[in-house]
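Next up, work10.cif (mmCIF, C-alpha atoms and all ligand atoms):
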```
data_entry
loop_
_atom_site.label_atom_id
_atom_site.label_comp_id
_atom_site.auth_asym_id
_atom_site.auth_seq_id
_atom_site.Cartn_x
_atom_site.Cartn_y
_atom_site.Cartn_z
CA MET G 703 17.59 -63.95 47.69
CA ALA G 704 21.29 -63.56 48.61
CA GLU G 705 22.80 -60.28 49.91
CA PRO G 706 24.03 -58.05 47.03
CA ILE G 707 27.73 -58.27 46.13
CA LYS G 708 29.73 -55.21 45.07
CA VAL G 709 31.31 -55.38 41.61
CA VAL G 710 33.39 -52.69 39.92
CA VAL G 711 33.73 -52.00 36.21
CA THR G 712 36.36 -49.45 35.14
CA GLY G 713 36.12 -47.64 31.82
CA ALA G 714 32.41 -47.72 32.59
CA ALA G 715 31.55 -45.02 30.05
CA GLY G 716 33.37 -46.86 27.24
CA GLN G 717 32.26 -49.27 24.57
CA ILE G 718 33.08 -52.64 26.18
CA ALA G 719 31.37 -51.58 29.40
CA TYR G 720 28.27 -50.64 27.43
CA SER G 721 27.73 -54.35 26.66
CA LEU G 722 29.29 -55.76 29.83
CA LEU G 723 27.17 -53.86 32.37
CA TYR G 724 23.95 -55.40 31.07
CA GLN G 725 25.41 -58.89 31.28
CA ILE G 726 26.53 -58.42 34.90
CA ALA G 727 23.30 -56.75 35.97
CA SER G 728 21.10 -59.35 34.28
CA GLY G 729 22.65 -62.32 36.15
CA ALA G 730 24.78 -63.80 33.35
CA VAL G 731 27.98 -63.63 35.41
CA PHE G 732 27.18 -64.25 39.08
CA GLY G 733 24.02 -66.30 38.59
CA PRO G 734 20.27 -65.68 38.46
CA ASN G 735 19.88 -65.45 42.26
CA GLN G 736 22.76 -63.08 43.04
CA PRO G 737 21.92 -59.35 43.27
CA VAL G 738 24.77 -56.95 42.40
CA TYR G 739 25.69 -53.45 43.44
CA LEU G 740 27.63 -51.90 40.55
CA HIS G 741 30.53 -49.50 41.11
CA LEU G 742 31.27 -47.63 37.88
CA LEU G 743 34.67 -45.95 37.53
CA ASP G 744 35.69 -43.61 34.74
CA ILE G 745 37.73 -40.41 34.50
CA ALA G 746 36.29 -37.03 35.53
CA PRO G 747 35.63 -35.71 31.96
CA MET G 748 33.44 -38.77 31.29
CA MET G 749 31.09 -38.30 34.27
CA GLY G 750 28.39 -36.74 32.05
CA VAL G 751 28.41 -39.72 29.68
CA LEU G 752 28.48 -42.08 32.66
CA GLU G 753 25.36 -40.40 34.01
CA GLY G 754 23.60 -41.45 30.79
CA VAL G 755 24.74 -45.05 31.30
CA VAL G 756 23.37 -44.94 34.86
CA MET G 757 20.02 -43.72 33.51
CA GLU G 758 19.92 -46.56 30.99
CA LEU G 759 20.72 -49.16 33.65
CA ALA G 760 17.77 -47.87 35.68
CA ASP G 761 15.60 -47.97 32.56
CA CYS G 762 16.44 -51.66 32.04
CA ALA G 763 14.40 -52.37 35.21
CA LEU G 764 16.62 -55.31 36.16
CA PRO G 765 15.52 -57.21 39.28
CA LEU G 766 19.11 -58.17 40.25
CA LEU G 767 20.51 -54.62 40.13
CA ALA G 768 20.58 -53.53 43.77
CA GLY G 769 22.28 -50.16 43.21
CA VAL G 770 24.81 -48.15 41.19
CA LEU G 771 27.70 -45.92 42.27
CA PRO G 772 29.21 -43.81 39.47
CA THR G 773 32.54 -42.24 40.45
CA ALA G 774 35.88 -40.85 39.23
CA LYS G 775 37.67 -41.85 42.45
CA PRO G 776 39.45 -45.27 42.37
CA GLU G 777 39.40 -45.61 46.17
CA GLU G 778 35.62 -45.16 46.22
CA ALA G 779 35.16 -47.52 43.26
CA PHE G 780 37.27 -50.37 44.68
CA LYS G 781 35.92 -50.26 48.24
CA ASP G 782 34.61 -53.68 49.35
CA VAL G 783 34.25 -55.12 45.83
CA VAL G 784 34.42 -58.89 45.37
CA ALA G 785 35.06 -58.68 41.63
CA ALA G 786 36.88 -56.06 39.55
CA PHE G 787 36.63 -55.79 35.77
CA LEU G 788 39.52 -53.47 34.84
CA VAL G 789 38.49 -52.38 31.36
CA GLY G 790 39.32 -48.65 31.43
CA ALA G 791 42.32 -47.97 29.16
CA MET G 792 43.02 -46.60 25.70
CA PRO G 793 42.16 -48.98 22.81
CA ARG G 794 44.50 -49.40 19.81
CA LYS G 795 43.82 -48.02 16.34
CA GLU G 796 44.46 -49.62 12.96
CA GLY G 797 48.14 -50.38 12.34
CA MET G 798 49.11 -50.52 16.04
CA GLU G 799 50.16 -53.58 18.06
CA ARG G 800 48.61 -53.87 21.54
CA LYS G 801 52.01 -53.37 23.17
CA ASP G 802 52.16 -49.88 21.54
CA LEU G 803 49.61 -48.95 24.23
CA LEU G 804 51.94 -49.93 27.05
CA ALA G 805 53.46 -46.53 27.80
CA ALA G 806 50.03 -44.85 27.81
CA ASN G 807 48.10 -47.50 29.74
CA VAL G 808 50.40 -49.16 32.25
CA ARG G 809 50.38 -46.23 34.65
CA ILE G 810 46.60 -46.63 35.02
CA PHE G 811 47.20 -50.15 36.36
CA LYS G 812 49.94 -49.01 38.73
CA GLU G 813 47.55 -46.43 40.20
CA GLN G 814 44.65 -48.88 40.36
CA GLY G 815 46.85 -51.56 41.95
CA GLN G 816 47.75 -49.06 44.67
CA ALA G 817 44.08 -48.20 45.23
CA LEU G 818 43.05 -51.89 45.33
CA ASP G 819 45.82 -52.55 47.85
CA LYS G 820 44.41 -49.84 50.12
CA VAL G 821 40.67 -50.43 50.02
CA ALA G 822 39.69 -53.68 48.31
CA ARG G 823 38.85 -56.97 50.02
CA LYS G 824 41.88 -59.25 50.10
CA ASP G 825 39.91 -61.92 48.25
CA VAL G 826 38.88 -59.64 45.37
CA LYS G 827 39.04 -61.34 41.96
CA VAL G 828 40.59 -59.00 39.38
CA LEU G 829 40.20 -59.40 35.61
CA VAL G 830 42.32 -57.07 33.48
CA VAL G 831 40.85 -56.42 30.03
CA GLY G 832 42.62 -53.12 29.14
CA ASN G 833 45.58 -53.67 26.81
CA PRO G 834 48.29 -54.82 26.89
CA ALA G 835 46.23 -56.97 29.28
CA ASN G 836 48.85 -59.47 30.50
CA THR G 837 51.45 -56.90 31.41
CA ASN G 838 48.89 -54.50 32.89
CA ALA G 839 47.68 -57.34 35.14
CA LEU G 840 51.25 -58.03 36.27
CA ILE G 841 51.83 -54.38 37.14
CA CYS G 842 48.49 -54.13 38.93
CA SER G 843 49.43 -57.13 41.08
CA LYS G 844 52.90 -55.75 41.83
CA TYR G 845 51.40 -52.53 43.18
CA ALA G 846 48.87 -54.43 45.32
CA PRO G 847 51.22 -56.62 47.38
CA SER G 848 48.66 -57.26 50.15
CA ILE G 849 46.36 -59.12 47.71
CA PRO G 850 47.45 -62.66 46.63
CA LYS G 851 48.90 -62.65 43.11
CA GLU G 852 46.58 -65.54 42.19
CA ASN G 853 43.74 -62.98 42.36
CA PHE G 854 45.04 -61.06 39.32
CA THR G 855 44.21 -62.42 35.87
CA ALA G 856 44.28 -61.14 32.29
CA MET G 857 41.72 -61.83 29.61
CA THR G 858 42.56 -64.29 26.84
CA ARG G 859 39.03 -65.72 26.83
CA LEU G 860 38.13 -63.72 23.74
CA ASP G 861 40.96 -65.49 21.91
CA GLN G 862 39.70 -68.83 23.22
CA ASN G 863 36.15 -68.07 22.08
CA ARG G 864 37.46 -67.02 18.66
CA ALA G 865 39.50 -70.22 18.36
CA GLN G 866 36.59 -72.43 19.43
CA SER G 867 34.32 -70.71 16.94
CA GLN G 868 36.80 -71.15 14.05
CA LEU G 869 37.20 -74.86 14.80
CA ALA G 870 33.45 -75.46 15.13
CA ALA G 871 32.82 -73.77 11.78
CA LYS G 872 35.60 -75.76 10.10
CA ILE G 873 34.19 -79.08 11.40
CA GLY G 874 30.56 -78.02 10.92
CA VAL G 875 29.28 -78.48 14.50
CA PRO G 876 27.70 -76.05 17.01
CA VAL G 877 30.34 -74.04 18.91
CA GLN G 878 29.56 -75.67 22.28
CA ASN G 879 30.50 -79.09 20.83
CA VAL G 880 34.18 -78.06 20.78
CA LYS G 881 36.15 -77.88 24.02
CA ASN G 882 39.68 -77.71 25.45
CA VAL G 883 41.24 -75.46 22.82
CA ILE G 884 44.10 -73.58 24.52
CA ILE G 885 45.45 -70.04 24.26
CA TRP G 886 49.05 -69.94 25.46
CA GLY G 887 50.99 -66.80 26.34
CA ASN G 888 50.31 -63.18 25.56
CA HIS G 889 47.06 -61.56 24.37
CA SER G 890 48.98 -60.32 21.33
CA SER G 891 49.93 -61.47 17.87
CA THR G 892 52.50 -63.88 19.41
CA GLN G 893 49.82 -65.87 21.28
CA PHE G 894 49.66 -69.59 20.50
CA PRO G 895 46.14 -70.87 19.83
CA ASP G 896 46.59 -74.63 20.22
CA ALA G 897 43.99 -77.16 19.07
CA SER G 898 46.13 -80.25 19.69
CA ASN G 899 44.24 -81.30 22.84
CA ALA G 900 40.83 -80.04 21.76
CA VAL G 901 37.95 -82.48 21.45
CA VAL G 902 34.71 -82.31 19.52
CA ASN G 903 31.37 -83.99 19.92
CA ILE G 904 30.16 -85.22 16.53
CA GLY G 905 26.75 -86.85 16.64
CA GLY G 906 27.24 -87.92 20.27
CA ALA G 907 30.74 -89.38 19.76
CA GLN G 908 33.88 -87.65 21.14
CA LYS G 909 36.73 -87.20 18.67
CA SER G 910 40.01 -85.31 18.84
CA VAL G 911 39.89 -82.07 16.87
CA PRO G 912 43.12 -82.80 14.94
CA ALA G 913 41.63 -86.16 13.86
CA ALA G 914 38.31 -84.55 12.91
CA ILE G 915 40.01 -81.81 10.86
CA ASN G 916 42.78 -84.04 9.49
CA ASP G 917 44.75 -81.06 8.19
CA ASP G 918 47.88 -80.39 10.24
CA ALA G 919 48.98 -77.56 7.96
CA TYR G 920 45.69 -75.69 8.61
CA LEU G 921 46.00 -76.12 12.39
CA LYS G 922 49.61 -74.85 12.41
CA SER G 923 49.11 -71.93 10.02
CA THR G 924 45.71 -70.52 8.97
CA PHE G 925 44.01 -71.38 12.26
CA VAL G 926 46.83 -69.84 14.32
CA THR G 927 47.15 -66.63 12.30
CA THR G 928 43.37 -66.11 12.01
CA VAL G 929 43.03 -66.12 15.82
CA GLN G 930 46.22 -64.10 16.37
CA LYS G 931 45.00 -61.38 13.97
CA ARG G 932 41.28 -61.42 14.70
CA GLY G 933 41.36 -58.28 16.85
CA ALA G 934 43.13 -56.37 14.06
CA ALA G 935 40.60 -57.70 11.50
CA VAL G 936 37.71 -56.36 13.61
CA ILE G 937 39.43 -52.97 13.93
CA ALA G 938 39.99 -52.83 10.15
CA ALA G 939 36.28 -53.51 9.58
CA ARG G 940 34.70 -51.52 12.42
CA LYS G 941 37.32 -48.79 12.82
CA MET G 942 36.92 -49.54 16.53
CA SER G 943 38.14 -52.52 18.52
CA SER G 944 36.02 -55.52 19.52
CA ALA G 945 33.51 -54.63 22.19
CA LEU G 946 30.46 -56.91 22.08
CA SER G 947 32.64 -60.04 21.92
CA ALA G 948 35.11 -58.62 24.49
CA ALA G 949 32.27 -58.02 26.95
CA LYS G 950 30.95 -61.57 26.40
CA ALA G 951 34.43 -62.99 27.00
CA ALA G 952 34.87 -60.95 30.19
CA SER G 953 31.54 -62.34 31.45
CA ASP G 954 32.60 -65.89 30.57
CA HIS G 955 35.97 -65.47 32.34
CA MET G 956 34.52 -64.10 35.58
CA ARG G 957 31.55 -66.52 35.60
CA ASP G 958 33.82 -69.53 35.28
CA TRP G 959 36.18 -68.19 37.97
CA PHE G 960 33.28 -67.67 40.41
CA LEU G 961 31.03 -70.57 39.50
CA GLY G 962 33.50 -73.18 38.13
CA SER G 963 34.50 -74.40 34.67
CA GLY G 964 33.03 -77.91 35.04
CA ASP G 965 34.65 -80.46 32.73
CA ARG G 966 36.08 -77.81 30.36
CA TRP G 967 39.48 -76.18 30.30
CA VAL G 968 39.47 -72.39 30.01
CA SER G 969 42.35 -70.07 29.17
CA MET G 970 43.32 -67.31 31.58
CA GLY G 971 46.38 -65.08 31.89
CA VAL G 972 47.80 -65.86 35.35
CA VAL G 973 51.10 -65.14 37.08
CA SER G 974 53.37 -67.89 35.77
CA ASP G 975 54.93 -70.40 38.17
CA GLY G 976 57.24 -71.59 35.37
CA SER G 977 54.89 -74.40 34.25
CA TYR G 978 55.73 -75.77 30.79
CA GLY G 979 59.12 -74.01 30.85
CA THR G 980 57.55 -70.55 30.64
CA PRO G 981 59.21 -67.50 32.23
CA ARG G 982 58.22 -67.08 35.87
CA ASP G 983 56.61 -63.87 37.11
CA VAL G 984 54.98 -62.77 33.88
CA VAL G 985 51.23 -63.04 33.32
CA PHE G 986 51.04 -65.96 30.87
CA SER G 987 47.89 -67.53 29.49
CA PHE G 988 47.54 -71.21 30.39
CA PRO G 989 44.78 -73.80 30.21
CA VAL G 990 43.19 -73.88 33.66
CA THR G 991 40.29 -75.51 35.43
CA THR G 992 38.38 -73.57 38.05
CA ALA G 993 36.50 -74.72 41.14
CA ASN G 994 35.56 -73.11 44.48
CA GLY G 995 36.76 -69.70 43.27
CA LYS G 996 40.29 -70.93 42.48
CA TRP G 997 42.08 -71.72 39.21
CA LYS G 998 44.58 -74.51 38.63
CA ILE G 999 46.88 -74.90 35.62
CA VAL G 1000 46.22 -78.09 33.64
CA GLN G 1001 49.44 -80.09 33.95
CA GLY G 1002 51.03 -82.97 32.07
CA LEU G 1003 50.31 -81.93 28.47
CA THR G 1004 52.79 -82.90 25.76
CA ILE G 1005 54.67 -79.97 24.26
CA THR G 1006 55.80 -80.70 20.69
CA ASP G 1007 58.81 -78.97 19.06
CA PHE G 1008 56.39 -76.68 17.22
CA ALA G 1009 54.57 -75.80 20.45
CA ARG G 1010 57.92 -75.21 22.22
CA GLN G 1011 58.90 -72.61 19.62
CA MET G 1012 55.53 -70.87 19.92
CA LEU G 1013 55.60 -70.86 23.76
CA ASP G 1014 59.16 -69.51 23.79
CA ALA G 1015 58.35 -66.67 21.37
CA THR G 1016 55.33 -65.45 23.33
CA GLY G 1017 57.19 -65.88 26.66
CA LYS G 1018 60.07 -63.78 25.34
CA GLU G 1019 57.68 -61.01 24.34
CA LEU G 1020 56.10 -61.04 27.81
CA ALA G 1021 59.50 -60.81 29.50
CA GLU G 1022 60.35 -57.79 27.30
CA GLU G 1023 57.00 -56.12 27.99
CA LYS G 1024 57.51 -56.65 31.73
CA GLN G 1025 60.88 -54.88 31.63
CA GLU G 1026 59.46 -51.98 29.63
CA ALA G 1027 56.50 -51.66 32.01
CA LEU G 1028 58.70 -51.68 35.10
CA ASP G 1029 60.80 -48.90 33.51
CA VAL G 1030 57.68 -46.82 32.74
CA CYS G 1031 56.41 -47.27 36.31
CA LYS G 1032 59.70 -46.14 37.91
CA ASP G 1033 58.77 -42.47 37.56
N1 LIG G 1101 41.87 -58.39 26.53
C1 LIG G 1101 41.06 -58.34 25.49
O1 LIG G 1101 40.73 -59.39 24.91
C2 LIG G 1101 40.53 -57.06 24.96
C3 LIG G 1101 40.96 -55.85 25.44
N2 LIG G 1101 40.48 -54.67 24.95
C4 LIG G 1101 40.99 -53.43 25.53
O2 LIG G 1101 40.03 -52.92 26.47
C5 LIG G 1101 40.25 -51.52 26.66
C6 LIG G 1101 38.94 -50.75 26.61
O3 LIG G 1101 38.36 -50.82 25.32
P1 LIG G 1101 37.05 -49.98 24.94
O4 LIG G 1101 36.00 -50.12 25.97
O5 LIG G 1101 36.74 -50.35 23.53
O6 LIG G 1101 37.64 -48.51 24.97
P2 LIG G 1101 36.85 -47.12 25.09
O7 LIG G 1101 37.80 -46.05 24.68
O8 LIG G 1101 35.52 -47.20 24.42
O9 LIG G 1101 36.57 -47.01 26.66
C7 LIG G 1101 37.60 -46.90 27.58
C8 LIG G 1101 37.08 -46.11 28.76
O10 LIG G 1101 38.08 -46.12 29.75
C9 LIG G 1101 38.09 -44.86 30.37
N3 LIG G 1101 39.33 -44.64 31.09
C10 LIG G 1101 40.52 -44.17 30.64
N4 LIG G 1101 41.40 -44.05 31.65
C11 LIG G 1101 40.77 -44.47 32.77
C12 LIG G 1101 41.14 -44.56 34.13
N5 LIG G 1101 42.35 -44.20 34.55
N6 LIG G 1101 40.23 -45.02 35.01
C13 LIG G 1101 39.00 -45.38 34.61
N7 LIG G 1101 38.58 -45.29 33.33
C14 LIG G 1101 39.44 -44.84 32.42
C15 LIG G 1101 37.87 -43.90 29.20
O11 LIG G 1101 37.46 -42.61 29.65
C16 LIG G 1101 36.80 -44.64 28.42
O12 LIG G 1101 35.49 -44.29 28.88
C17 LIG G 1101 41.28 -51.12 25.59
O13 LIG G 1101 42.57 -51.05 26.15
C18 LIG G 1101 41.18 -52.26 24.59
O14 LIG G 1101 42.36 -52.38 23.82
C19 LIG G 1101 39.53 -54.65 23.97
C20 LIG G 1101 39.04 -55.83 23.46
C21 LIG G 1101 39.51 -57.12 23.90
O1 LIG G 1102 42.64 -56.02 19.07
C1 LIG G 1102 42.46 -55.11 19.93
O2 LIG G 1102 43.16 -54.12 20.04
C2 LIG G 1102 41.35 -55.32 20.90
C3 LIG G 1102 41.56 -56.65 21.45
O3 LIG G 1102 42.36 -56.85 22.34
C4 LIG G 1102 40.94 -57.76 20.76
O4 LIG G 1102 39.99 -57.58 19.98
O5 LIG G 1102 41.37 -58.89 20.98
#
```
Starting from the coordinates I provided, produce the structure as structure tokens.
Ligand SMILES: NC(=O)C1=CN([C@@H]2O[C@H](COP(=O)(O)OP(=O)(O)OC[C@H]3O[C@@H](n4cnc5c(N)ncnc54)[C@H](O)[C@@H]3O)[C@@H](O)[C@H]2O)C=CC1
Ligand SMILES: O=C([O-])CC(=O)C(=O)O
Amino acid sequence: MAEPIKVVVTGAAGQIAYSLLYQIASGAVFGPNQPVYLHLLDIAPMMGVLEGVVMELADCALPLLAGVLPTAKPEEAFKDVVAAFLVGAMPRKEGMERKDLLAANVRIFKEQGQALDKVARKDVKVLVVGNPANTNALICSKYAPSIPKENFTAMTRLDQNRAQSQLAAKIGVPVQNVKNVIIWGNHSSTQFPDASNAVVNIGGAQKSVPAAINDDAYLKSTFVTTVQKRGAAVIAARKMSSALSAAKAASDHMRDWFLGSGDRWVSMGVVSDGSYGTPRDVVFSFPVTTANGKWKIVQGLTITDFARQMLDATGKELAEEKQEALDVCKD
């Protein structure tokens, strides 16, 4: 058995963490032979609740769980971790956009960036889940200048999973038969879920998703808006934001980053290098492939006039969010 690796989850007393911790500790993220030592960060008033979570983790009797450190101190939580799930932040309520959380949440990511910069390994892989995830990831990276910016990512995998699931249902195949759907841009209602390069396996034969669906109007309208608004639809129904599916997506994102995406493209918010005419230095979701612990943007895709408009709109929103976040972080 390998030596245990240290992994931190912030917001560890919250609802996403409640599903995510089991997945990490059971081997779904780092593999069935990799023991983990969990660092659990939350704020001081939540330490009592966190104690209950620690008890439940022990009661799961998981062979891969080598130890647990509950704490309210970021510098203790981030020490020597190889992977950081930054979940801890306020969720939105019905009627809000995710960017309405910016003023309240972005300072958390400034403070945690500073703590990561001080005590984390320089090869730590950071996944920001807390909203607005893309801009929080950018700010976290800016305040951790000693860690490569490639190590900071934001979660759009839930959007990808939603999109894949919608397409599979529409075509009538199991969800794993659909691949290479792309989420471009911001994890917000301006994101562009793009099925134009997606492929589907139907009875052993590969077919393009647009050909299989044969309904361009659906792919440009209903499909796009359903995925863009899915988080709001879950909030309207549950009165709380997605948690089970968010935890699953966070596991998928980190697993693929560590263990590789194979022959599938996955969507991740990464610091933009200007690929596809997007604004540089915002955290933009692109199709990537991952191997040996590194991601690479899929290049050479055709951008139609429709796609150009969608990419520009979400890029513009990210540039605006960045400016607002930098202003909030000044003081
Ligand atoms: N990127 C994505 O696809 C998704 C993002 N989210 C976002 O994830 C975040 C967490 O959601 P939930 O777990 O449902 O919220 P929650 O309210 O159940 O839990 C959040 C936890 O974070 C803790 N927290 C607050 N400030 C903290 C700090 N400075 N350090 C450490 N912990 C802190 C809170 O005490 C609480 O225990 C929200 O911002 C939500 O909008 C949710 C679903 C999907
Ligand atoms: O919609 C929300 O506020 C939570 C979230 O990010 C999602 O479910 O995608």
Quiz prompt | Polymer residues at most 12 Å from (31.9, -40.9, 29.5) by only C-alpha atoms, as JSON, numbers by chain | solution = {"G": [712, 713, 714, 715, 716, 717, 719, 720, 742, 743, 744, 745, 746, 747, 748, 749, 750, 751, 752, 753, 754, 755, 756, 772, 773, 774, 790]}
Exercise. For atom CA of G:Arg859 and atom CA of G:Glu1023, quote the distance in Å rounded to one decimal.
Key: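 Spanning atom CA of G:Arg859 to atom CA of G:Glu1023 is a straight-line distance of 20.4 Å.
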Practice problem: Find, counting all atoms listed in the file, the residue in G:Ile915, G:Ala870, G:Ala993, G:Leu771 that gets nearest to G:Arg957. | Solution: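 The shortest atom-to-atom distance to G:Arg957 comes from G:Ala993.
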Close residues, G:Pro765 itself excluded, 9 Å, all atoms listed in the file, min 4 positions apart in chain, as a PDB file with C-alpha atoms, in the coordinates of the input:
```pdb
ATOM      1  CA  ALA G 727      23.300 -56.750  35.970  1.00  0.00           C
ATOM      2  CA  SER G 728      21.100 -59.350  34.280  1.00  0.00           C
ATOM      3  CA  PRO G 737      21.920 -59.350  43.270  1.00  0.00           C
TER       4      PRO G 737
END
```
Quiz item: Taking only C-alpha atoms into account, which of G:Val710, G:Ala806, G:Val831, G:Ala846 comes nearest G:Ala945?
Solution: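 The answer is G:Val831, which sits nearest to G:Ala945.
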For the contact check between chain G and ligand LIG 1102 (chain G), emit one row per residue of chain G within 9 Å, containing the shortest atom pair and the distance in Å rounded to one decimal, counting only C-alpha atoms and all ligand atoms, chain then rising number order, as a tab-separated table.
```
residue	atom	partner	partner_atom	distance
G:Pro793	CA	G:LIG1102	O2	5.9
G:Arg794	CA	G:LIG1102	O2	4.9
G:Lys795	CA	G:LIG1102	O2	7.2
G:Glu796	CA	G:LIG1102	O2	8.5
G:Met798	CA	G:LIG1102	O2	8.0
G:Glu799	CA	G:LIG1102	O2	7.3
G:Arg800	CA	G:LIG1102	O2	5.7
G:Val831	CA	G:LIG1102	O3	7.8
G:Gly832	CA	G:LIG1102	O3	7.8
G:Asn833	CA	G:LIG1102	O3	6.4
G:Pro834	CA	G:LIG1102	O3	7.7
G:Ala835	CA	G:LIG1102	O3	7.9
G:Met857	CA	G:LIG1102	O3	8.8
G:Thr858	CA	G:LIG1102	O5	8.1
G:Leu860	CA	G:LIG1102	O5	6.4
G:Asp861	CA	G:LIG1102	O5	6.7
G:His889	CA	G:LIG1102	O3	7.0
G:Ser890	CA	G:LIG1102	O3	7.5
G:Gln930	CA	G:LIG1102	O5	8.5
G:Lys931	CA	G:LIG1102	O1	7.8
G:Arg932	CA	G:LIG1102	O4	6.7
G:Gly933	CA	G:LIG1102	O1	3.4
G:Ala934	CA	G:LIG1102	O1	5.0
G:Ala935	CA	G:LIG1102	O1	8.0
G:Val936	CA	G:LIG1102	O4	6.9
G:Ile937	CA	G:LIG1102	O1	6.8
G:Met942	CA	G:LIG1102	C2	8.5
G:Ser943	CA	G:LIG1102	C2	4.9
G:Ser944	CA	G:LIG1102	O4	4.5
G:Ala945	CA	G:LIG1102	O4	7.5
G:Ser947	CA	G:LIG1102	O4	8.0
G:Ala948	CA	G:LIG1102	O4	6.7
```
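Of the listed residues G:Val902, G:Asn836, G:Lys1018, G:Thr1004, the one whose atoms come nearest to G:Gly971 is G:Asn836, with distances taken using all atoms listed in the file.
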Practice problem: Measuring atom to atom with all atoms listed in the file, identify which of G:Gly976, G:Gln893, G:Ser898, G:Arg966 is nearest to G:Ala1015. | Solution: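 Among G:Gly976, G:Gln893, G:Ser898, G:Arg966, it is G:Gln893 that comes nearest to G:Ala1015.
Distance annotation: of G:Ala730, G:Glu1026, G:Leu723, G:Ala913, the residue with the minimal separation from G:Arg809 is G:Glu1026; atom set is only C-alpha atoms.
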Quiz item: Hey, which of G:Leu829, G:Val821, G:Ile726, G:Val808 ends up closest to G:Asp1033? Count only C-alpha atoms.
Solution: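 Closest residue, counting only C-alpha atoms: G:Val808.
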Practice problem: Using atom O13 of ligand LIG 1101 (chain G) and atom CA of G:Thr1016 as the two end points, give the distance in Å to one decimal. | Solution: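 Separation of atom O13 of ligand LIG 1101 (chain G) and atom CA of G:Thr1016: 19.4 Å.
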Quiz item: Mind pulling up the distance from atom CA of G:Gln868 to atom O9 of ligand LIG 1101 (chain G)?
Solution: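 Here the two named atoms are 27.2 Å from each other.
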Quiz item: Can you tell me, as a PyMOL selection string, what residues are no more than 10 Å from G:Gly905 when counting all atoms listed in the file, ignoring any on the same chain fewer than 3 positions away?
Solution: chain G and resi 875+879+902+908
Self-check item: Protein/DNA/RNA residues near (24.6, -52.3, 47.5), cut 10 Å, all atoms listed in the file, as an MDAnalysis selection string
Solution: chainID G and resid 705:709 737:741 767:771
Create the file for the chosen residues now, containing C-alpha atoms and written as a short mmCIF file (atom, residue, chain, number, x, y, z; two decimals), in the frame of the given file.
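Saved to out.cif:
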```cif
data_model
loop_
_atom_site.label_atom_id
_atom_site.label_comp_id
_atom_site.auth_asym_id
_atom_site.auth_seq_id
_atom_site.Cartn_x
_atom_site.Cartn_y
_atom_site.Cartn_z
CA GLU G 705 22.80 -60.28 49.91
CA PRO G 706 24.03 -58.05 47.03
CA ILE G 707 27.73 -58.27 46.13
CA LYS G 708 29.73 -55.21 45.07
CA VAL G 709 31.31 -55.38 41.61
CA PRO G 737 21.92 -59.35 43.27
CA VAL G 738 24.77 -56.95 42.40
CA TYR G 739 25.69 -53.45 43.44
CA LEU G 740 27.63 -51.90 40.55
CA HIS G 741 30.53 -49.50 41.11
CA LEU G 767 20.51 -54.62 40.13
CA ALA G 768 20.58 -53.53 43.77
CA GLY G 769 22.28 -50.16 43.21
CA VAL G 770 24.81 -48.15 41.19
CA LEU G 771 27.70 -45.92 42.27
#
```
Self-check item: Long-range neighbours of stretch 922-928 of chain G as a VMD selection string, 12 Å cut-off, only C-alpha atoms, 5 positions minimum in chain
Solution: chain G and resid 861 to 862 864 to 872 883 to 886 890 to 898 912 915 to 917 933 to 936 1006 1008 to 1009 1011 to 1012
